[in-house]
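Source file: structure.cif (mmCIF, C-alpha atoms (C1' of nucleotides))
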data_query
#
loop_
_atom_site.label_atom_id
_atom_site.label_comp_id
_atom_site.auth_asym_id
_atom_site.auth_seq_id
_atom_site.Cartn_x
_atom_site.Cartn_y
_atom_site.Cartn_z
CA MET M 17 -0.74 -37.77 -23.59
CA ALA M 18 -4.25 -37.39 -22.24
CA LYS M 19 -4.74 -33.64 -22.44
CA ARG M 20 -7.69 -33.24 -20.11
CA PRO M 21 -8.88 -36.02 -17.84
CA LYS M 22 -12.12 -34.15 -17.16
CA PRO M 23 -13.59 -31.05 -18.72
CA ALA M 24 -15.71 -30.66 -15.54
CA PRO M 25 -18.59 -28.31 -16.38
CA THR M 26 -18.83 -26.28 -13.18
CA ASP M 27 -22.15 -25.13 -11.81
CA PRO M 28 -22.45 -21.46 -12.78
CA THR M 29 -23.58 -20.51 -9.31
CA LEU M 30 -20.57 -22.20 -7.76
CA GLN M 31 -18.38 -20.42 -10.27
CA GLU M 32 -19.97 -17.13 -9.30
CA ALA M 33 -19.50 -17.86 -5.61
CA ARG M 34 -15.83 -18.61 -6.17
CA GLU M 35 -15.33 -15.38 -8.06
CA ARG M 36 -17.02 -13.45 -5.31
CA PHE M 37 -14.81 -15.06 -2.73
CA VAL M 38 -11.71 -14.21 -4.71
CA ALA M 39 -12.89 -10.63 -5.11
CA LEU M 40 -13.67 -10.18 -1.44
CA TRP M 41 -10.38 -11.65 -0.36
CA SER M 42 -8.56 -9.42 -2.79
CA GLN M 43 -10.36 -6.44 -1.36
CA MET M 44 -9.39 -7.42 2.14
CA GLY M 45 -5.82 -7.92 1.07
CA SER M 46 -5.59 -4.43 -0.31
CA ASN M 47 -6.59 -3.09 3.11
CA TRP M 48 -3.61 -4.91 4.51
CA GLY M 49 -1.04 -3.89 1.95
CA VAL M 50 -1.16 -7.24 0.17
CA PRO M 51 -0.85 -6.96 -3.64
CA ARG M 52 -4.09 -7.66 -5.43
CA SER M 53 -2.85 -10.67 -7.34
CA MET M 54 -1.22 -12.21 -4.31
CA ALA M 55 -4.47 -12.12 -2.41
CA GLU M 56 -6.33 -13.39 -5.45
CA VAL M 57 -4.05 -16.35 -6.00
CA HIS M 58 -4.28 -17.30 -2.37
CA ALA M 59 -8.06 -16.96 -2.36
CA LEU M 60 -8.37 -19.09 -5.47
CA LEU M 61 -6.24 -21.88 -4.08
CA TYR M 62 -8.06 -21.76 -0.80
CA ILE M 63 -11.56 -21.79 -2.24
CA MET M 64 -10.83 -24.44 -4.86
CA GLY M 65 -9.48 -26.63 -2.11
CA ARG M 66 -7.40 -28.69 -4.52
CA PRO M 67 -3.91 -28.35 -6.00
CA MET M 68 -3.70 -26.21 -9.11
CA ASN M 69 -0.86 -25.60 -11.54
CA THR M 70 0.46 -22.28 -12.77
CA ASP M 71 -1.50 -22.38 -16.01
CA GLU M 72 -4.79 -22.98 -14.26
CA VAL M 73 -4.13 -20.06 -11.94
CA MET M 74 -3.14 -17.79 -14.84
CA GLU M 75 -6.24 -18.70 -16.75
CA GLN M 76 -8.72 -18.34 -13.91
CA LEU M 77 -7.30 -15.04 -12.72
CA HIS M 78 -6.20 -13.55 -16.04
CA ILE M 79 -2.73 -12.77 -14.87
CA SER M 80 0.56 -13.17 -16.67
CA ARG M 81 2.90 -16.10 -16.28
CA GLY M 82 5.49 -13.89 -14.64
CA SER M 83 3.06 -12.57 -12.14
CA ALA M 84 1.75 -16.01 -11.33
CA SER M 85 5.22 -17.35 -10.85
CA MET M 86 6.37 -14.57 -8.55
CA THR M 87 3.19 -14.54 -6.56
CA LEU M 88 3.16 -18.30 -6.07
CA ARG M 89 6.74 -18.23 -4.97
CA SER M 90 6.11 -15.48 -2.51
CA LEU M 91 3.12 -17.34 -1.06
CA VAL M 92 5.28 -20.43 -0.67
CA GLU M 93 7.92 -18.33 1.09
CA TRP M 94 5.29 -16.99 3.44
CA GLY M 95 4.40 -20.59 4.12
CA ILE M 96 0.70 -20.31 3.36
CA ILE M 97 0.66 -22.46 0.24
CA SER M 98 2.80 -25.47 -0.60
CA ARG M 99 4.15 -27.14 -3.69
CA VAL M 100 2.84 -30.56 -4.53
CA HIS M 101 3.68 -32.93 -7.33
CA MET M 102 1.05 -34.85 -9.22
CA ARG M 103 2.32 -38.14 -10.52
CA GLY M 104 2.33 -38.35 -14.28
CA ASP M 105 2.39 -34.56 -14.62
CA ARG M 106 5.56 -32.61 -15.02
CA LYS M 107 3.89 -29.38 -13.97
CA GLU M 108 4.14 -28.12 -10.45
CA TYR M 109 1.00 -27.82 -8.41
CA PHE M 110 0.22 -25.62 -5.45
CA GLN M 111 -2.28 -26.02 -2.68
CA ALA M 112 -3.36 -23.67 0.06
CA GLU M 113 -3.35 -24.43 3.74
CA GLN M 114 -6.95 -25.29 4.57
CA ASP M 115 -6.74 -24.87 8.32
CA VAL M 116 -7.68 -21.24 8.84
CA TRP M 117 -6.23 -20.99 12.32
CA LYS M 118 -2.97 -22.38 11.09
CA LEU M 119 -3.03 -19.87 8.27
CA PHE M 120 -3.61 -17.11 10.78
CA ARG M 121 -0.71 -18.26 12.93
CA VAL M 122 1.66 -18.45 9.98
CA ILE M 123 0.78 -14.95 8.86
CA LEU M 124 1.11 -13.63 12.39
CA ARG M 125 4.50 -15.25 12.79
CA GLU M 126 5.80 -13.79 9.54
CA ARG M 127 4.48 -10.33 10.18
CA LYS M 128 5.87 -10.29 13.67
CA LYS M 129 9.26 -11.34 12.37
CA ARG M 130 9.26 -8.76 9.61
CA GLU M 131 7.54 -5.89 11.36
CA VAL M 132 7.23 -6.11 15.11
CA ASP M 133 10.71 -7.38 15.87
CA PRO M 134 12.52 -4.68 13.86
CA LEU M 135 10.18 -2.06 15.29
CA LEU M 136 10.98 -3.10 18.83
CA GLU M 137 14.67 -2.97 18.09
CA SER M 138 14.42 0.52 16.60
CA LEU M 139 12.34 1.70 19.51
CA ARG M 140 14.89 0.41 22.00
CA ALA M 141 17.71 2.08 20.08
CA CYS M 142 15.73 5.29 20.03
CA ARG M 143 15.20 5.06 23.77
CA GLU M 144 18.88 4.48 24.37
CA LEU M 145 19.73 7.77 22.72
CA THR M 146 18.32 9.81 25.55
CA ALA M 147 19.04 7.35 28.35
CA ASP M 148 22.10 9.08 29.72
CA LYS M 149 20.48 12.49 29.40
CA GLU M 150 18.12 11.40 32.16
CA PRO M 151 17.70 14.10 34.84
CA SER M 152 19.77 12.25 37.40
CA ARG M 153 19.32 14.31 40.55
CA SER M 154 19.11 17.90 39.37
CA ARG M 155 15.36 17.50 39.06
CA LYS M 156 12.75 20.18 38.51
CA ILE M 157 13.92 23.70 37.70
CA ASP M 158 15.65 22.92 34.38
CA PRO M 159 13.05 23.09 31.60
CA ALA M 160 15.29 21.17 29.18
CA ALA M 161 15.53 18.29 31.64
CA ALA M 162 11.76 18.23 32.01
CA GLU M 163 11.42 18.09 28.26
CA ILE M 164 13.70 15.08 28.04
CA GLU M 165 11.92 13.44 30.90
CA SER M 166 8.51 13.69 29.30
CA HIS M 167 9.93 12.59 25.98
CA ASN M 168 11.36 9.50 27.61
CA ALA M 169 8.07 8.79 29.28
CA ARG M 170 6.35 8.80 25.89
CA VAL M 171 8.93 6.51 24.31
CA ASP M 172 8.69 4.19 27.28
CA THR M 173 4.93 4.03 27.01
CA MET M 174 5.15 3.10 23.38
CA LEU M 175 7.88 0.60 24.07
CA GLU M 176 5.72 -1.00 26.70
CA PHE M 177 2.81 -1.18 24.33
CA VAL M 178 4.77 -2.75 21.50
CA SER M 179 6.35 -5.19 23.94
CA MET M 180 2.90 -6.29 24.92
CA ILE M 181 1.92 -6.78 21.30
CA ASP M 182 5.07 -8.82 20.92
CA LEU M 183 4.17 -10.96 23.90
CA ILE M 184 0.60 -11.53 22.77
CA SER M 185 1.81 -12.45 19.31
CA ARG M 186 4.15 -15.01 20.75
CA GLN M 187 1.29 -16.61 22.64
CA LEU M 188 -0.90 -16.75 19.57
CA ILE M 189 1.85 -18.04 17.33
CA ASN M 190 2.69 -20.90 19.66
CA PRO M 191 1.63 -24.17 18.06
CA SER M 192 0.19 -25.28 21.38
CA GLY M 193 -1.55 -22.08 22.45
CA GLU M 194 -5.00 -22.13 20.95
CA GLY M 195 -6.28 -18.89 19.50
CA LEU M 196 -9.74 -20.21 20.16
CA ASP M 197 -9.08 -20.35 23.85
CA ILE M 198 -8.36 -16.69 24.00
CA ALA M 199 -11.51 -15.95 22.14
CA ALA M 200 -13.45 -18.10 24.53
CA LYS M 201 -12.05 -16.21 27.48
CA LEU M 202 -13.03 -12.96 25.92
CA LEU M 203 -16.50 -14.29 25.37
CA ASP M 204 -16.81 -15.14 29.03
CA ARG M 205 -16.18 -11.57 29.97
CA ALA M 206 -18.74 -10.41 27.43
CA SER M 207 -21.90 -11.13 29.42
CA MET K 23 2.59 40.80 17.55
CA ALA K 24 5.10 38.77 19.48
CA LYS K 25 6.45 36.57 16.72
CA ARG K 26 8.14 33.91 18.82
CA PRO K 27 7.63 33.61 22.53
CA LYS K 28 10.59 31.24 22.76
CA PRO K 29 13.19 30.20 20.21
CA ALA K 30 13.81 27.14 22.42
CA PRO K 31 17.19 25.74 21.42
CA THR K 32 16.48 22.02 21.54
CA ASP K 33 19.07 19.55 22.74
CA PRO K 34 20.54 17.99 19.58
CA THR K 35 20.25 14.51 21.06
CA LEU K 36 16.58 15.05 21.81
CA GLN K 37 16.11 16.33 18.32
CA GLU K 38 17.79 13.25 16.94
CA ALA K 39 15.66 10.97 19.09
CA ARG K 40 12.52 12.66 17.84
CA GLU K 41 13.57 12.24 14.25
CA ARG K 42 14.31 8.60 14.84
CA PHE K 43 10.93 8.10 16.40
CA VAL K 44 9.22 9.76 13.46
CA ALA K 45 11.19 7.62 11.03
CA LEU K 46 10.43 4.40 12.82
CA TRP K 47 6.77 5.20 13.08
CA SER K 48 6.67 6.06 9.43
CA GLN K 49 8.30 2.76 8.60
CA MET K 50 5.76 0.91 10.67
CA GLY K 51 2.96 2.81 9.02
CA SER K 52 4.09 1.77 5.58
CA ASN K 53 3.84 -1.87 6.66
CA TRP K 54 0.21 -1.18 7.48
CA GLY K 55 -0.74 0.71 4.37
CA VAL K 56 -0.62 4.09 6.09
CA PRO K 57 0.77 6.86 3.87
CA ARG K 58 4.23 7.96 4.88
CA SER K 59 3.31 11.51 5.71
CA MET K 60 0.25 10.52 7.68
CA ALA K 61 2.33 8.31 9.94
CA GLU K 62 4.98 11.01 10.19
CA VAL K 63 2.56 13.71 11.21
CA HIS K 64 1.03 11.49 13.81
CA ALA K 65 4.42 10.45 15.16
CA LEU K 66 5.55 14.05 15.38
CA LEU K 67 2.48 15.15 17.28
CA TYR K 68 2.73 12.19 19.60
CA ILE K 69 6.39 12.53 20.37
CA MET K 70 6.29 16.30 20.79
CA GLY K 71 3.46 15.85 23.23
CA ARG K 72 2.21 19.40 22.73
CA PRO K 73 -0.15 21.07 20.29
CA MET K 74 1.46 22.19 17.03
CA ASN K 75 0.12 24.26 14.17
CA THR K 76 0.21 23.48 10.49
CA ASP K 77 3.30 25.56 9.82
CA GLU K 78 5.30 23.88 12.53
CA VAL K 79 4.36 20.48 11.15
CA MET K 80 5.23 21.52 7.59
CA GLU K 81 8.55 22.86 8.66
CA GLN K 82 9.61 19.93 10.82
CA LEU K 83 8.58 17.32 8.29
CA HIS K 84 9.35 19.19 5.08
CA ILE K 85 5.96 18.58 3.58
CA SER K 86 3.75 20.89 1.59
CA ARG K 87 0.90 22.90 3.00
CA GLY K 88 -1.61 20.89 1.03
CA SER K 89 -0.26 17.63 2.27
CA ALA K 90 -0.19 18.84 5.86
CA SER K 91 -3.75 20.07 5.63
CA MET K 92 -5.12 16.86 4.17
CA THR K 93 -3.17 14.63 6.48
CA LEU K 94 -4.16 16.53 9.58
CA ARG K 95 -7.76 16.43 8.54
CA SER K 96 -7.66 12.75 7.93
CA LEU K 97 -6.05 12.12 11.32
CA VAL K 98 -8.77 14.18 12.96
CA GLU K 99 -11.38 12.13 11.11
CA TRP K 100 -9.79 8.94 12.37
CA GLY K 101 -10.08 10.43 15.81
CA ILE K 102 -6.44 10.04 16.79
CA ILE K 103 -5.55 13.71 16.91
CA SER K 104 -7.72 16.66 17.88
CA ARG K 105 -7.95 20.32 17.06
CA VAL K 106 -7.18 22.78 19.81
CA HIS K 107 -7.25 26.53 19.89
CA MET K 108 -4.56 28.59 21.54
CA ARG K 109 -5.84 31.85 22.87
CA GLY K 110 -4.34 34.85 21.15
CA ASP K 111 -3.43 32.83 18.09
CA ARG K 112 -5.58 32.60 15.04
CA LYS K 113 -3.83 29.48 13.83
CA GLU K 114 -5.27 26.09 14.48
CA TYR K 115 -3.34 23.66 16.60
CA PHE K 116 -3.42 19.89 16.70
CA GLN K 117 -2.51 17.47 19.43
CA ALA K 118 -2.18 13.73 19.46
CA GLU K 119 -3.91 11.38 21.86
CA GLN K 120 -1.29 10.50 24.45
CA ASP K 121 -2.98 7.43 25.87
CA VAL K 122 -1.57 4.61 23.74
CA TRP K 123 -4.29 2.11 24.66
CA LYS K 124 -6.92 4.62 23.74
CA LEU K 125 -5.14 5.22 20.47
CA PHE K 126 -5.11 1.50 19.85
CA ARG K 127 -8.81 1.19 20.55
CA VAL K 128 -9.69 4.06 18.25
CA ILE K 129 -7.68 2.58 15.39
CA LEU K 130 -9.18 -0.84 15.99
CA ARG K 131 -12.69 0.58 16.00
CA GLU K 132 -12.12 2.44 12.73
CA ARG K 133 -10.49 -0.46 10.96
CA LYS K 134 -13.18 -2.83 12.07
CA LYS K 135 -15.83 -0.46 10.79
CA ARG K 136 -14.09 0.04 7.46
CA GLU K 137 -12.72 -3.42 6.86
CA VAL K 138 -14.08 -6.21 9.01
CA ASP K 139 -17.75 -5.24 8.88
CA PRO K 140 -17.90 -4.98 5.07
CA LEU K 141 -15.88 -8.17 4.77
CA LEU K 142 -18.33 -10.05 6.95
CA GLU K 143 -21.22 -8.76 4.94
CA SER K 144 -19.62 -9.83 1.66
CA LEU K 145 -18.78 -13.23 3.06
CA ARG K 146 -22.35 -13.77 4.17
CA ALA K 147 -23.65 -12.72 0.78
CA CYS K 148 -21.20 -15.08 -0.85
CA ARG K 149 -22.35 -17.89 1.37
CA GLU K 150 -25.99 -17.20 0.54
CA LEU K 151 -25.33 -17.79 -3.14
CA THR K 152 -24.83 -21.50 -2.69
CA ALA K 153 -27.16 -21.96 0.25
CA ASP K 154 -30.07 -23.42 -1.70
CA LYS K 155 -27.77 -25.60 -3.74
CA GLU K 156 -27.08 -27.53 -0.58
CA PRO K 157 -27.24 -31.31 -1.17
CA SER K 158 -30.58 -31.76 0.56
CA ARG K 159 -30.99 -35.53 0.75
CA SER K 160 -29.52 -36.87 -2.47
CA ARG K 161 -26.16 -37.13 -0.74
CA LYS K 162 -23.07 -38.92 -1.97
CA ILE K 163 -23.00 -40.16 -5.53
CA ASP K 164 -23.35 -36.81 -7.27
CA PRO K 165 -19.84 -35.32 -7.62
CA ALA K 166 -21.21 -31.84 -8.28
CA ALA K 167 -23.09 -31.93 -4.99
CA ALA K 168 -19.96 -32.97 -3.16
CA GLU K 169 -18.09 -30.08 -4.75
CA ILE K 170 -20.67 -27.60 -3.53
CA GLU K 171 -20.68 -29.15 -0.13
CA SER K 172 -16.95 -28.82 0.37
CA HIS K 173 -17.02 -25.31 -1.04
CA ASN K 174 -19.65 -24.38 1.50
CA ALA K 175 -17.60 -25.90 4.26
CA ARG K 176 -14.66 -23.70 3.32
CA VAL K 177 -16.74 -20.56 3.19
CA ASP K 178 -18.31 -21.46 6.53
CA THR K 179 -14.92 -21.96 8.11
CA MET K 180 -13.78 -18.58 6.93
CA LEU K 181 -17.01 -16.98 8.02
CA GLU K 182 -16.57 -18.46 11.44
CA PHE K 183 -13.04 -17.19 11.65
CA VAL K 184 -13.91 -13.65 10.63
CA SER K 185 -16.86 -13.67 13.01
CA MET K 186 -14.49 -14.50 15.80
CA ILE K 187 -12.19 -11.64 14.80
CA ASP K 188 -15.24 -9.43 14.83
CA LEU K 189 -16.17 -10.59 18.30
CA ILE K 190 -12.68 -10.13 19.70
CA SER K 191 -12.49 -6.68 18.19
CA ARG K 192 -15.71 -5.71 19.88
CA GLN K 193 -14.32 -6.79 23.22
CA LEU K 194 -11.13 -4.84 22.74
CA ILE K 195 -12.89 -1.76 21.47
CA ASN K 196 -15.22 -1.61 24.42
CA PRO K 197 -14.31 1.37 26.59
CA SER K 198 -14.68 -0.82 29.67
CA GLY K 199 -12.92 -3.96 28.48
CA GLU K 200 -9.25 -3.57 29.21
CA GLY K 201 -6.83 -4.72 26.56
CA LEU K 202 -4.34 -5.19 29.32
CA ASP K 203 -6.54 -7.75 31.02
CA ILE K 204 -6.49 -9.97 28.01
CA ALA K 205 -2.76 -9.72 27.82
CA ALA K 206 -2.50 -10.64 31.47
CA LYS K 207 -4.61 -13.73 30.91
CA LEU K 208 -2.42 -14.76 28.05
CA LEU K 209 0.60 -14.30 30.23
CA ASP K 210 -0.86 -16.64 32.83
CA ARG K 211 -1.05 -19.39 30.32
CA ALA K 212 2.52 -18.75 29.27
CA SER K 213 4.28 -20.59 32.08
"C1'" DC H 17 -18.04 45.36 2.14
"C1'" DT H 18 -12.96 44.82 2.06
"C1'" DT H 19 -8.86 43.10 3.71
"C1'" DC H 20 -5.81 39.80 5.19
"C1'" DA H 21 -4.38 35.66 7.54
"C1'" DT H 22 -5.41 31.07 7.31
"C1'" DT H 23 -7.17 26.78 5.53
"C1'" DT H 24 -8.93 23.81 1.98
"C1'" DT H 25 -9.22 21.95 -2.50
"C1'" DC H 26 -7.85 19.50 -6.51
"C1'" DA H 27 -5.60 18.93 -11.08
"C1'" DA H 28 -1.29 17.84 -12.33
"C1'" DA H 29 3.34 16.04 -11.16
"C1'" DA H 30 6.10 13.08 -8.65
"C1'" DT H 31 6.68 8.77 -6.70
"C1'" DA H 32 5.95 4.03 -5.66
"C1'" DT H 33 4.11 -0.33 -6.66
"C1'" DT H 34 2.63 -4.05 -9.41
"C1'" DC H 35 2.34 -6.56 -13.71
"C1'" DT H 36 3.79 -8.11 -18.14
"C1'" DG H 37 6.19 -10.79 -21.55
"C1'" DA H 38 9.89 -12.50 -23.72
"C1'" DA H 39 14.51 -14.15 -22.95
"C1'" DA H 40 17.19 -16.91 -19.91
"C1'" DT H 41 17.46 -20.73 -17.02
"C1'" DC H 42 16.42 -25.05 -15.27
"C1'" DT H 43 15.40 -30.08 -15.54
"C1'" DG H 44 14.35 -34.42 -17.00
"C1'" DT H 45 14.48 -37.25 -21.45
"C1'" DT H 46 16.17 -39.28 -25.48
"C1'" DA B 21 24.79 -33.24 -26.02
"C1'" DA B 22 20.59 -31.58 -27.86
"C1'" DC B 23 15.86 -31.05 -27.10
"C1'" DA B 24 11.46 -29.66 -25.09
"C1'" DG B 25 8.45 -28.57 -21.49
"C1'" DA B 26 8.27 -25.89 -17.40
"C1'" DT B 27 9.73 -22.18 -14.55
"C1'" DT B 28 12.11 -18.00 -13.26
"C1'" DT B 29 13.85 -13.54 -13.97
"C1'" DC B 30 13.78 -8.69 -14.59
"C1'" DA B 31 13.71 -4.36 -17.40
"C1'" DG B 32 10.27 -1.68 -18.86
"C1'" DA B 33 5.18 -0.66 -19.09
"C1'" DA B 34 1.10 -0.03 -16.82
"C1'" DT B 35 -1.23 1.28 -12.61
"C1'" DA B 36 -2.05 3.22 -8.41
"C1'" DT B 37 -0.94 6.25 -4.77
"C1'" DT B 38 0.81 10.29 -2.67
"C1'" DT B 39 2.38 14.99 -2.80
"C1'" DT B 40 2.62 19.48 -4.43
"C1'" DG B 41 1.39 24.25 -5.15
"C1'" DA B 42 -1.30 27.71 -6.44
"C1'" DA B 43 -6.03 29.22 -6.78
"C1'" DA B 44 -10.32 29.31 -4.31
"C1'" DA B 45 -12.71 29.39 -0.11
"C1'" DT B 46 -13.30 30.76 4.60
"C1'" DG B 47 -13.93 33.74 8.23
"C1'" DA B 48 -12.59 37.20 11.63
"C1'" DA B 49 -11.87 42.11 12.10
"C1'" DG B 50 -12.11 46.73 10.64
#
Can the structure in the file be given as structure tokens, please?
Amino acid sequence: MAKRPKPAPTDPTLQEARERFVALWSQMGSNWGVPRSMAEVHALLYIMGRPMNTDEVMEQLHISRGSASMTLRSLVEWGIISRVHMRGDRKEYFQAEQDVWKLFRVILRERKKREVDPLLESLRACRELTADKEPSRSRKIDPAAAEIESHNARVDTMLEFVSMIDLISRQLINPSGEGLDIAAKLLDRAS
Amino acid sequence: MAKRPKPAPTDPTLQEARERFVALWSQMGSNWGVPRSMAEVHALLYIMGRPMNTDEVMEQLHISRGSASMTLRSLVEWGIISRVHMRGDRKEYFQAEQDVWKLFRVILRERKKREVDPLLESLRACRELTADKEPSRSRKIDPAAAEIESHNARVDTMLEFVSMIDLISRQLINPSGEGLDIAAKLLDRAS
DNA sequence: CTTCATTTTCAAAATATTCTGAAATCTGTT
DNA sequence: AACAGATTTCAGAATATTTTGAAAATGAAG
């Protein structure tokens, strides 16, 4: 029943740096619609770089057990942290993915699945609505037909754009396709 | 005092398609932390493809005058819609940018300025904190030094990643650099 | 300077989101 | 089966965000 293997008196500067990192990540999260505590928990696990249990997270971040539990679960569902078991400890531990590019790919994949794919589907459905109303041959003259035509052109443009986003995402998500490569190519064109 | 030049009885299907577009855009906006009515106003102006005044927007979207005013202003500030004046009408009109790539670039530029730049700055400041604590020559042995070292490695990795995002953004924002080109390159590698 | 149409502002209200905490559930042990 | 530590759940509380609406400001015209 060894309560604490090591009290570990952390360097105050390191402590401060960790808190700053958590704060900055939390701030960034809020710009992206990520709940404060979700971003904070992820930041903490990332910056600590070692598995932590629910109580440690609660204590460091001053959040409730319920919040910690839900947030950890949701991060696991997103696939950016994973559960680990420490032998001799009944508690569950969590650790964050340390490969930043992998993290990026996982987030991109999830967001595409949850946001881009449904958007594309809705856009296509929306486009379908006015497909048959297309000015078949009775062109010009009719102002209503012209209105539909320009409307369709706008929807098509947007559809094209979102399709491209979809395509790019797929390339970036691909386990093989290196995000770094793309960046390198862009750099080439920079000069 | 010609009240209405044209009552313009819109095709019900077209009307429906417009509403769907507005709804889908609004949905997408909420995924990105954009207020519902802001996304709706933008969607309406985009899909109508013509300048509209505040009252038209209020009426179509069922929002209050105050909300319409603030939202329109904020969209103008973001640079994705612009004010236009219609001769013979004292009301102000607004029209949305119709070039989707331009729209994309403007949004990217703004978000980078508001989010990425401050994030980079904070990250650098955070990194500075533990810069002098670097394990100069007394390597190994000291566990506290190793802790700092691995912490610094994590911050550096993240810094590198965000710097790359910053760089890519700059390329995409550039009025000359074509977003389409990048996409094309990615496509090449797809086969 | 006054009027009137229009736009902006902002405190309060409405709405939406996030967090808490204690009860319920789960899980391995005796 | 009963217990005990650990985890999950979820209704309600706390927070945060967005919208409203009416008063104030603006500004063009007489």
Pick out the chain M residues within 12 Å of chain B. Count all atoms listed in the file. Give them as a PyMOL selection string.
-> chain M and resi 46+51-52+69-71+81-89+105-109
Decode the PyMOL selection byres ((chain M) within 7 of (chain K)) for the given file into explicit residues and return them as an mmCIF file with C-alpha atoms, keeping the file's coordinate frame.
data_model
loop_
_atom_site.group_PDB
_atom_site.id
_atom_site.type_symbol
_atom_site.label_atom_id
_atom_site.label_comp_id
_atom_site.auth_asym_id
_atom_site.auth_seq_id
_atom_site.Cartn_x
_atom_site.Cartn_y
_atom_site.Cartn_z
ATOM 1 C CA THR M 29 -23.580 -20.510 -9.310
ATOM 2 C CA LEU M 30 -20.570 -22.200 -7.760
ATOM 3 C CA ALA M 33 -19.500 -17.860 -5.610
ATOM 4 C CA ARG M 36 -17.020 -13.450 -5.310
ATOM 5 C CA PHE M 37 -14.810 -15.060 -2.730
ATOM 6 C CA LEU M 40 -13.670 -10.180 -1.440
ATOM 7 C CA TRP M 48 -3.610 -4.910 4.510
ATOM 8 C CA GLY M 49 -1.040 -3.890 1.950
ATOM 9 C CA ILE M 63 -11.560 -21.790 -2.240
ATOM 10 C CA VAL M 116 -7.680 -21.240 8.840
ATOM 11 C CA LEU M 135 10.180 -2.060 15.290
ATOM 12 C CA SER M 138 14.420 0.520 16.600
ATOM 13 C CA CYS M 142 15.730 5.290 20.030
ATOM 14 C CA LEU M 145 19.730 7.770 22.720
ATOM 15 C CA THR M 146 18.320 9.810 25.550
ATOM 16 C CA ILE M 164 13.700 15.080 28.040
ATOM 17 C CA HIS M 167 9.930 12.590 25.980
ATOM 18 C CA ARG M 170 6.350 8.800 25.890
ATOM 19 C CA MET M 174 5.150 3.100 23.380
ATOM 20 C CA ILE M 184 0.600 -11.530 22.770
ATOM 21 C CA GLN M 187 1.290 -16.610 22.640
ATOM 22 C CA ALA M 199 -11.510 -15.950 22.140
ATOM 23 C CA LEU M 202 -13.030 -12.960 25.920
#
Which residues fall under the PyMOL selection byres ((chain H) within 9 of (chain K)) in this file, as a PyMOL selection string?
-> chain H and resi 21-25
One decimal, Å: what's the distance from atom CA of Ala61 of chain K over to atom CA of Lys134 of chain K, could you say?
-> 19.2 Å
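The two atoms in question, atom CA of His84 of chain K and atom C1' of DC26 of chain H, are spaced 20.7 Å apart.
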Using atom C1' of DA38 of chain H and atom CA of Met68 of chain M as the two end points, give the distance in Å to one decimal.
-> 24.2 Å
